[in-house]
Amino acid sequence: MVEMDCLFCKIVAGQIPASIVKKNDLITAFNDITPQAPTHVLIIPNKHYLNMAEVANSDLKLAGEIFKAAGDLASELGLENYRTNINTGAGAGQSVFHAHLHLLGGRSFAWPPG
Ligand code: AMP
Ligand code: ZN
């Protein structure tokens, strides 16, 4: 289902261009338009959910597919060290309200995060 006002639904539907790195029946992965690391890929469910908690509550297998895609992509891209990140809620930095997981790599990362 395409939410008409959702940017990421439009990317899944091919209505907005994106640099897609992996796509199957369940998930789409594409390069972030404002990369925060040399590799910065967003992995999203093709179906619209508000956030990753909603994905997990509605479809645990789909949540697993998103994490599997992150691991698979990290291997395919040769990332030995990488960070996966999920911002949930505007106060935590979520700016697009279609569930997504950030896969970042190619540099070192500090802890704790900012
Ligand atoms: P978040 O802030 O966690 O909701 O992440 C949303 C991400 O989407 C940000 O890192 C943005 O840079 C990214 N973004 C926004 N618009 C696009 C777009 N058209 N194509 C690819 N990434 C985008
Ligand atoms: Zn959407």
# chains A, B, ... in the order shown; residues from 1 in each chain; ligands from 1
>>> select_by_dssp(residues="range 13-43 of chain A", states="strand (DSSP E)", output="list in words")
Ile20, Val21, Lys22, Lys23, Ile27, Thr28, Ala29, Phe30, Asn31, Thr39, His40, Val41, Leu42 and Ile43 of chain A
>>> residues_near_ligand(ligand="ligand 2", cutoff="12 Å", atoms="only C-alpha atoms and all ligand atoms", output="JSON, numbers by chain")
{"A": [1, 2, 3, 4, 5, 6, 7, 8, 9, 10, 11, 12, 13, 28, 44, 45, 46, 47, 48, 49, 50, 51, 55, 96, 97, 98, 99, 100]}
>>> closest_residue(among="A:Ala18, A:Ala92, A:Ile86, A:Leu103", to="Ala53 in chain A", atoms="only C-alpha atoms")
A:Ile86
>>> residues_near_ligand(ligand="ligand 1", cutoff="6 Å", atoms="only C-alpha atoms and all ligand atoms", output="VMD selection string")
chain A and resid 18 31 to 34 87 93 to 96
>>> write_last_selection(atoms="N, CA and C atoms", output="compact mmCIF listing (two decimals), in the first residue's frame")
# COMPACT_ATOMS: atom_id res chain seq x y z
N ALA A 18 15.76 6.88 -6.43
CA ALA A 18 16.68 6.61 -5.32
C ALA A 18 17.77 5.69 -5.84
N ASN A 31 20.70 4.15 -0.92
CA ASN A 31 21.67 5.05 -0.30
C ASN A 31 20.98 6.29 0.26
N ASP A 32 21.38 6.66 1.47
CA ASP A 32 20.84 7.88 2.09
C ASP A 32 21.28 9.09 1.27
N ILE A 33 20.36 10.03 1.08
CA ILE A 33 20.64 11.20 0.25
C ILE A 33 21.61 12.17 0.95
N THR A 34 21.70 12.07 2.26
CA THR A 34 22.64 12.90 3.04
C THR A 34 23.51 11.97 3.89
N ASN A 87 16.18 5.45 14.59
CA ASN A 87 15.68 6.61 15.31
C ASN A 87 14.16 6.47 15.40
N GLY A 93 15.40 11.89 16.63
CA GLY A 93 15.99 12.15 15.31
C GLY A 93 15.24 11.55 14.14
N GLN A 94 14.07 10.93 14.40
CA GLN A 94 13.31 10.39 13.25
C GLN A 94 12.68 11.55 12.48
N SER A 95 12.96 11.58 11.19
CA SER A 95 12.43 12.66 10.35
C SER A 95 11.53 12.12 9.24
N VAL A 96 11.63 10.83 8.95
CA VAL A 96 10.75 10.20 7.95
C VAL A 96 9.97 9.11 8.69
>>> residues_around(residues="range 79-81 of chain A", least_positions_apart="2", cutoff="12 Å", atoms="only C-alpha atoms", output="CSV table (one decimal) with C-alpha atoms, in the first residue's frame")
chain,number,residue,atom,x,y,z
A,38,PRO,CA,31.1,6.6,3.5
A,39,THR,CA,28.5,3.9,3.4
A,40,HIS,CA,25.0,5.0,4.6
A,70,ALA,CA,21.5,-5.2,7.0
A,71,GLY,CA,23.9,-8.1,7.8
A,72,ASP,CA,23.9,-9.3,4.2
A,73,LEU,CA,24.6,-5.8,2.9
A,74,ALA,CA,27.4,-5.3,5.4
A,75,SER,CA,29.0,-8.5,4.2
A,76,GLU,CA,28.5,-7.7,0.5
A,77,LEU,CA,29.9,-4.2,1.0
A,83,ARG,CA,26.6,0.6,12.9
A,84,THR,CA,22.9,-0.1,12.6
A,103,LEU,CA,23.4,0.9,8.0
A,104,LEU,CA,26.5,3.0,8.4
A,105,GLY,CA,30.1,2.0,7.7
A,106,GLY,CA,33.4,3.0,6.4
A,107,ARG,CA,34.6,5.1,9.3
A,108,SER,CA,34.9,4.6,13.1
A,109,PHE,CA,32.0,5.5,15.4
>>> select_by_dssp(residues="chain A", states="helix (DSSP H, G or I)", output="mmCIF file with all heavy atoms, in the first residue's frame")
data_model
loop_
_atom_site.group_PDB
_atom_site.id
_atom_site.type_symbol
_atom_site.label_atom_id
_atom_site.label_comp_id
_atom_site.auth_asym_id
_atom_site.auth_seq_id
_atom_site.Cartn_x
_atom_site.Cartn_y
_atom_site.Cartn_z
ATOM 1 N N LEU A 7 7.258 9.827 1.590
ATOM 2 C CA LEU A 7 8.432 9.837 0.706
ATOM 3 C C LEU A 7 8.950 8.431 0.421
ATOM 4 O O LEU A 7 9.246 8.082 -0.733
ATOM 5 C CB LEU A 7 9.523 10.672 1.400
ATOM 6 C CG LEU A 7 10.875 10.801 0.728
ATOM 7 C CD1 LEU A 7 10.748 11.568 -0.570
ATOM 8 C CD2 LEU A 7 11.855 11.477 1.672
ATOM 9 N N PHE A 8 9.062 7.611 1.457
ATOM 10 C CA PHE A 8 9.657 6.282 1.264
ATOM 11 C C PHE A 8 8.692 5.342 0.534
ATOM 12 O O PHE A 8 9.140 4.485 -0.235
ATOM 13 C CB PHE A 8 10.125 5.689 2.597
ATOM 14 C CG PHE A 8 11.389 6.337 3.145
ATOM 15 C CD1 PHE A 8 11.934 5.909 4.348
ATOM 16 C CD2 PHE A 8 12.037 7.362 2.460
ATOM 17 C CE1 PHE A 8 13.095 6.490 4.861
ATOM 18 C CE2 PHE A 8 13.201 7.956 2.963
ATOM 19 C CZ PHE A 8 13.720 7.510 4.165
ATOM 20 N N CYS A 9 7.383 5.493 0.733
ATOM 21 C CA CYS A 9 6.425 4.718 -0.077
ATOM 22 C C CYS A 9 6.611 5.065 -1.551
ATOM 23 O O CYS A 9 6.535 4.190 -2.424
ATOM 24 C CB CYS A 9 4.988 5.016 0.339
ATOM 25 S SG CYS A 9 4.438 4.114 1.809
ATOM 26 N N LYS A 10 6.865 6.331 -1.824
ATOM 27 C CA LYS A 10 7.053 6.755 -3.221
ATOM 28 C C LYS A 10 8.349 6.178 -3.785
ATOM 29 O O LYS A 10 8.414 5.847 -4.976
ATOM 30 C CB LYS A 10 7.036 8.281 -3.318
ATOM 31 C CG LYS A 10 5.635 8.839 -3.084
ATOM 32 C CD LYS A 10 5.615 10.353 -3.133
ATOM 33 C CE LYS A 10 4.183 10.857 -2.936
ATOM 34 N NZ LYS A 10 4.138 12.297 -2.699
ATOM 35 N N ILE A 11 9.377 6.053 -2.968
ATOM 36 C CA ILE A 11 10.620 5.420 -3.434
ATOM 37 C C ILE A 11 10.363 3.950 -3.742
ATOM 38 O O ILE A 11 10.773 3.443 -4.793
ATOM 39 C CB ILE A 11 11.751 5.615 -2.394
ATOM 40 C CG1 ILE A 11 12.231 7.080 -2.441
ATOM 41 C CG2 ILE A 11 12.908 4.645 -2.644
ATOM 42 C CD1 ILE A 11 13.282 7.445 -1.404
ATOM 43 N N VAL A 12 9.635 3.254 -2.857
ATOM 44 C CA VAL A 12 9.314 1.833 -3.101
ATOM 45 C C VAL A 12 8.523 1.692 -4.401
ATOM 46 O O VAL A 12 8.767 0.787 -5.203
ATOM 47 C CB VAL A 12 8.511 1.236 -1.917
ATOM 48 C CG1 VAL A 12 8.000 -0.162 -2.256
ATOM 49 C CG2 VAL A 12 9.368 1.187 -0.652
ATOM 50 N N MET A 52 10.016 1.055 13.384
ATOM 51 C CA MET A 52 10.429 -0.350 13.448
ATOM 52 C C MET A 52 9.685 -1.114 14.553
ATOM 53 O O MET A 52 9.474 -2.322 14.431
ATOM 54 C CB MET A 52 11.941 -0.442 13.649
ATOM 55 C CG MET A 52 12.747 -0.179 12.387
ATOM 56 S SD MET A 52 12.396 -1.337 11.035
ATOM 57 C CE MET A 52 12.914 -2.890 11.782
ATOM 58 N N ALA A 53 9.277 -0.423 15.612
ATOM 59 C CA ALA A 53 8.508 -1.104 16.657
ATOM 60 C C ALA A 53 7.173 -1.573 16.089
ATOM 61 O O ALA A 53 6.705 -2.688 16.384
ATOM 62 C CB ALA A 53 8.293 -0.168 17.846
ATOM 63 N N GLU A 54 6.587 -0.749 15.238
ATOM 64 C CA GLU A 54 5.312 -1.116 14.618
ATOM 65 C C GLU A 54 5.508 -2.305 13.663
ATOM 66 O O GLU A 54 4.659 -3.196 13.591
ATOM 67 C CB GLU A 54 4.729 0.095 13.868
ATOM 68 C CG GLU A 54 3.261 -0.047 13.573
ATOM 69 C CD GLU A 54 2.684 1.167 12.868
ATOM 70 O OE1 GLU A 54 2.829 1.260 11.641
ATOM 71 O OE2 GLU A 54 2.082 2.022 13.544
ATOM 72 N N VAL A 55 6.623 -2.307 12.955
ATOM 73 C CA VAL A 55 6.921 -3.464 12.092
ATOM 74 C C VAL A 55 6.977 -4.727 12.938
ATOM 75 O O VAL A 55 6.325 -5.738 12.629
ATOM 76 C CB VAL A 55 8.268 -3.294 11.345
ATOM 77 C CG1 VAL A 55 8.596 -4.557 10.534
ATOM 78 C CG2 VAL A 55 8.254 -2.079 10.434
ATOM 79 N N ALA A 56 7.759 -4.676 14.014
ATOM 80 C CA ALA A 56 7.964 -5.879 14.843
ATOM 81 C C ALA A 56 6.655 -6.348 15.464
ATOM 82 O O ALA A 56 6.389 -7.552 15.549
ATOM 83 C CB ALA A 56 9.005 -5.596 15.919
ATOM 84 N N ASN A 57 5.817 -5.405 15.885
ATOM 85 C CA ASN A 57 4.542 -5.782 16.498
ATOM 86 C C ASN A 57 3.576 -6.381 15.490
ATOM 87 O O ASN A 57 2.750 -7.217 15.841
ATOM 88 C CB ASN A 57 3.893 -4.554 17.159
ATOM 89 C CG ASN A 57 4.457 -4.315 18.544
ATOM 90 O OD1 ASN A 57 4.649 -5.258 19.300
ATOM 91 N ND2 ASN A 57 4.752 -3.068 18.866
ATOM 92 N N SER A 58 3.669 -5.930 14.228
ATOM 93 C CA SER A 58 2.716 -6.381 13.212
ATOM 94 C C SER A 58 3.221 -7.594 12.456
ATOM 95 O O SER A 58 2.420 -8.422 12.003
ATOM 96 C CB SER A 58 2.462 -5.266 12.192
ATOM 97 O OG SER A 58 2.022 -4.106 12.843
ATOM 98 N N LEU A 60 6.670 -9.904 12.729
ATOM 99 C CA LEU A 60 7.995 -10.177 13.280
ATOM 100 C C LEU A 60 8.965 -10.695 12.211
ATOM 101 O O LEU A 60 10.154 -10.377 12.230
ATOM 102 C CB LEU A 60 7.850 -11.201 14.415
ATOM 103 C CG LEU A 60 8.924 -11.264 15.471
ATOM 104 C CD1 LEU A 60 9.276 -9.889 16.026
ATOM 105 C CD2 LEU A 60 8.464 -12.176 16.609
ATOM 106 N N LYS A 61 8.448 -11.472 11.265
ATOM 107 C CA LYS A 61 9.304 -12.000 10.196
ATOM 108 C C LYS A 61 9.856 -10.843 9.357
ATOM 109 O O LYS A 61 11.034 -10.839 8.985
ATOM 110 C CB LYS A 61 8.521 -12.968 9.318
ATOM 111 C CG LYS A 61 9.344 -13.521 8.160
ATOM 112 C CD LYS A 61 8.584 -14.565 7.357
ATOM 113 C CE LYS A 61 9.435 -15.127 6.226
ATOM 114 N NZ LYS A 61 9.825 -14.123 5.230
ATOM 115 N N LEU A 62 9.016 -9.871 9.073
ATOM 116 C CA LEU A 62 9.455 -8.721 8.280
ATOM 117 C C LEU A 62 10.542 -7.942 9.030
ATOM 118 O O LEU A 62 11.537 -7.512 8.425
ATOM 119 C CB LEU A 62 8.261 -7.813 7.959
ATOM 120 C CG LEU A 62 8.555 -6.556 7.152
ATOM 121 C CD1 LEU A 62 9.218 -6.879 5.820
ATOM 122 C CD2 LEU A 62 7.261 -5.763 6.925
ATOM 123 N N ALA A 63 10.365 -7.782 10.336
ATOM 124 C CA ALA A 63 11.413 -7.110 11.127
ATOM 125 C C ALA A 63 12.724 -7.877 10.991
ATOM 126 O O ALA A 63 13.801 -7.277 10.808
ATOM 127 C CB ALA A 63 10.978 -7.014 12.592
ATOM 128 N N GLY A 64 12.639 -9.204 11.040
ATOM 129 C CA GLY A 64 13.837 -10.026 10.874
ATOM 130 C C GLY A 64 14.461 -9.862 9.500
ATOM 131 O O GLY A 64 15.692 -9.833 9.369
ATOM 132 N N GLU A 65 13.631 -9.749 8.483
ATOM 133 C CA GLU A 65 14.148 -9.569 7.119
ATOM 134 C C GLU A 65 14.957 -8.274 7.005
ATOM 135 O O GLU A 65 15.953 -8.201 6.282
ATOM 136 C CB GLU A 65 12.989 -9.531 6.107
ATOM 137 C CG GLU A 65 12.271 -10.849 5.916
ATOM 138 C CD GLU A 65 13.117 -11.891 5.188
ATOM 139 O OE1 GLU A 65 14.044 -11.514 4.460
ATOM 140 O OE2 GLU A 65 12.832 -13.093 5.375
ATOM 141 N N ILE A 66 14.519 -7.250 7.719
ATOM 142 C CA ILE A 66 15.229 -5.964 7.663
ATOM 143 C C ILE A 66 16.614 -6.109 8.315
ATOM 144 O O ILE A 66 17.626 -5.662 7.765
ATOM 145 C CB ILE A 66 14.362 -4.867 8.324
ATOM 146 C CG1 ILE A 66 13.139 -4.600 7.440
ATOM 147 C CG2 ILE A 66 15.168 -3.589 8.551
ATOM 148 C CD1 ILE A 66 12.038 -3.794 8.091
ATOM 149 N N PHE A 67 16.666 -6.798 9.449
ATOM 150 C CA PHE A 67 17.968 -7.005 10.102
ATOM 151 C C PHE A 67 18.852 -7.940 9.284
ATOM 152 O O PHE A 67 20.068 -7.746 9.211
ATOM 153 C CB PHE A 67 17.768 -7.526 11.529
ATOM 154 C CG PHE A 67 17.399 -6.436 12.486
ATOM 155 C CD1 PHE A 67 16.082 -6.182 12.815
ATOM 156 C CD2 PHE A 67 18.388 -5.626 13.039
ATOM 157 C CE1 PHE A 67 15.736 -5.149 13.677
ATOM 158 C CE2 PHE A 67 18.060 -4.593 13.909
ATOM 159 C CZ PHE A 67 16.731 -4.349 14.220
ATOM 160 N N LYS A 68 18.234 -8.941 8.661
ATOM 161 C CA LYS A 68 19.023 -9.845 7.815
ATOM 162 C C LYS A 68 19.606 -9.077 6.626
ATOM 163 O O LYS A 68 20.780 -9.259 6.275
ATOM 164 C CB LYS A 68 18.159 -11.010 7.330
ATOM 165 C CG LYS A 68 18.893 -11.970 6.403
ATOM 166 C CD LYS A 68 18.078 -13.202 6.113
ATOM 167 C CE LYS A 68 18.626 -14.069 4.999
ATOM 168 N NZ LYS A 68 19.949 -13.801 4.479
ATOM 169 N N ALA A 69 18.808 -8.202 6.031
ATOM 170 C CA ALA A 69 19.296 -7.406 4.898
ATOM 171 C C ALA A 69 20.482 -6.543 5.329
ATOM 172 O O ALA A 69 21.448 -6.369 4.571
ATOM 173 C CB ALA A 69 18.176 -6.547 4.329
ATOM 174 N N ALA A 70 20.424 -6.021 6.554
ATOM 175 C CA ALA A 70 21.535 -5.191 7.042
ATOM 176 C C ALA A 70 22.813 -6.013 7.129
ATOM 177 O O ALA A 70 23.881 -5.592 6.669
ATOM 178 C CB ALA A 70 21.185 -4.588 8.404
ATOM 179 N N GLY A 71 22.712 -7.203 7.698
ATOM 180 C CA GLY A 71 23.890 -8.062 7.815
ATOM 181 C C GLY A 71 24.403 -8.511 6.455
ATOM 182 O O GLY A 71 25.619 -8.516 6.202
ATOM 183 N N ASP A 72 23.477 -8.881 5.582
ATOM 184 C CA ASP A 72 23.868 -9.319 4.233
ATOM 185 C C ASP A 72 24.580 -8.186 3.489
ATOM 186 O O ASP A 72 25.622 -8.401 2.849
ATOM 187 C CB ASP A 72 22.638 -9.755 3.424
ATOM 188 C CG ASP A 72 22.051 -11.078 3.900
ATOM 189 O OD1 ASP A 72 22.693 -11.749 4.733
ATOM 190 O OD2 ASP A 72 20.949 -11.423 3.441
ATOM 191 N N LEU A 73 24.018 -6.997 3.569
ATOM 192 C CA LEU A 73 24.617 -5.849 2.867
ATOM 193 C C LEU A 73 25.989 -5.517 3.439
ATOM 194 O O LEU A 73 26.924 -5.215 2.693
ATOM 195 C CB LEU A 73 23.713 -4.621 2.984
ATOM 196 C CG LEU A 73 22.654 -4.468 1.897
ATOM 197 C CD1 LEU A 73 21.666 -3.379 2.267
ATOM 198 C CD2 LEU A 73 23.323 -4.151 0.555
ATOM 199 N N ALA A 74 26.099 -5.567 4.761
ATOM 200 C CA ALA A 74 27.398 -5.289 5.385
ATOM 201 C C ALA A 74 28.450 -6.254 4.835
ATOM 202 O O ALA A 74 29.566 -5.849 4.489
ATOM 203 C CB ALA A 74 27.289 -5.392 6.902
ATOM 204 N N SER A 75 28.085 -7.544 4.719
ATOM 205 C CA SER A 75 29.021 -8.531 4.152
ATOM 206 C C SER A 75 29.321 -8.209 2.703
ATOM 207 O O SER A 75 30.488 -8.197 2.283
ATOM 208 C CB SER A 75 28.419 -9.931 4.218
ATOM 209 O OG SER A 75 28.213 -10.311 5.522
ATOM 210 N N GLU A 76 28.276 -7.952 1.935
ATOM 211 C CA GLU A 76 28.458 -7.705 0.503
ATOM 212 C C GLU A 76 29.320 -6.466 0.260
ATOM 213 O O GLU A 76 30.066 -6.395 -0.717
ATOM 214 C CB GLU A 76 27.090 -7.523 -0.168
ATOM 215 C CG GLU A 76 26.292 -8.820 -0.309
ATOM 216 C CD GLU A 76 24.802 -8.601 -0.536
ATOM 217 O OE1 GLU A 76 24.441 -7.556 -1.102
ATOM 218 O OE2 GLU A 76 24.008 -9.468 -0.134
ATOM 219 N N ALA A 90 10.435 11.873 16.807
ATOM 220 C CA ALA A 90 11.129 13.087 16.384
ATOM 221 C C ALA A 90 12.233 13.481 17.364
ATOM 222 O O ALA A 90 13.309 13.935 16.964
ATOM 223 C CB ALA A 90 10.123 14.222 16.215
ATOM 224 N N GLY A 91 11.990 13.264 18.664
ATOM 225 C CA GLY A 91 12.970 13.642 19.681
ATOM 226 C C GLY A 91 14.241 12.815 19.607
ATOM 227 O O GLY A 91 15.285 13.213 20.140
ATOM 228 N N ALA A 92 14.156 11.659 18.966
ATOM 229 C CA ALA A 92 15.343 10.798 18.796
ATOM 230 C C ALA A 92 15.936 10.938 17.409
ATOM 231 O O ALA A 92 16.842 10.190 17.033
ATOM 232 C CB ALA A 92 14.970 9.344 19.073
#
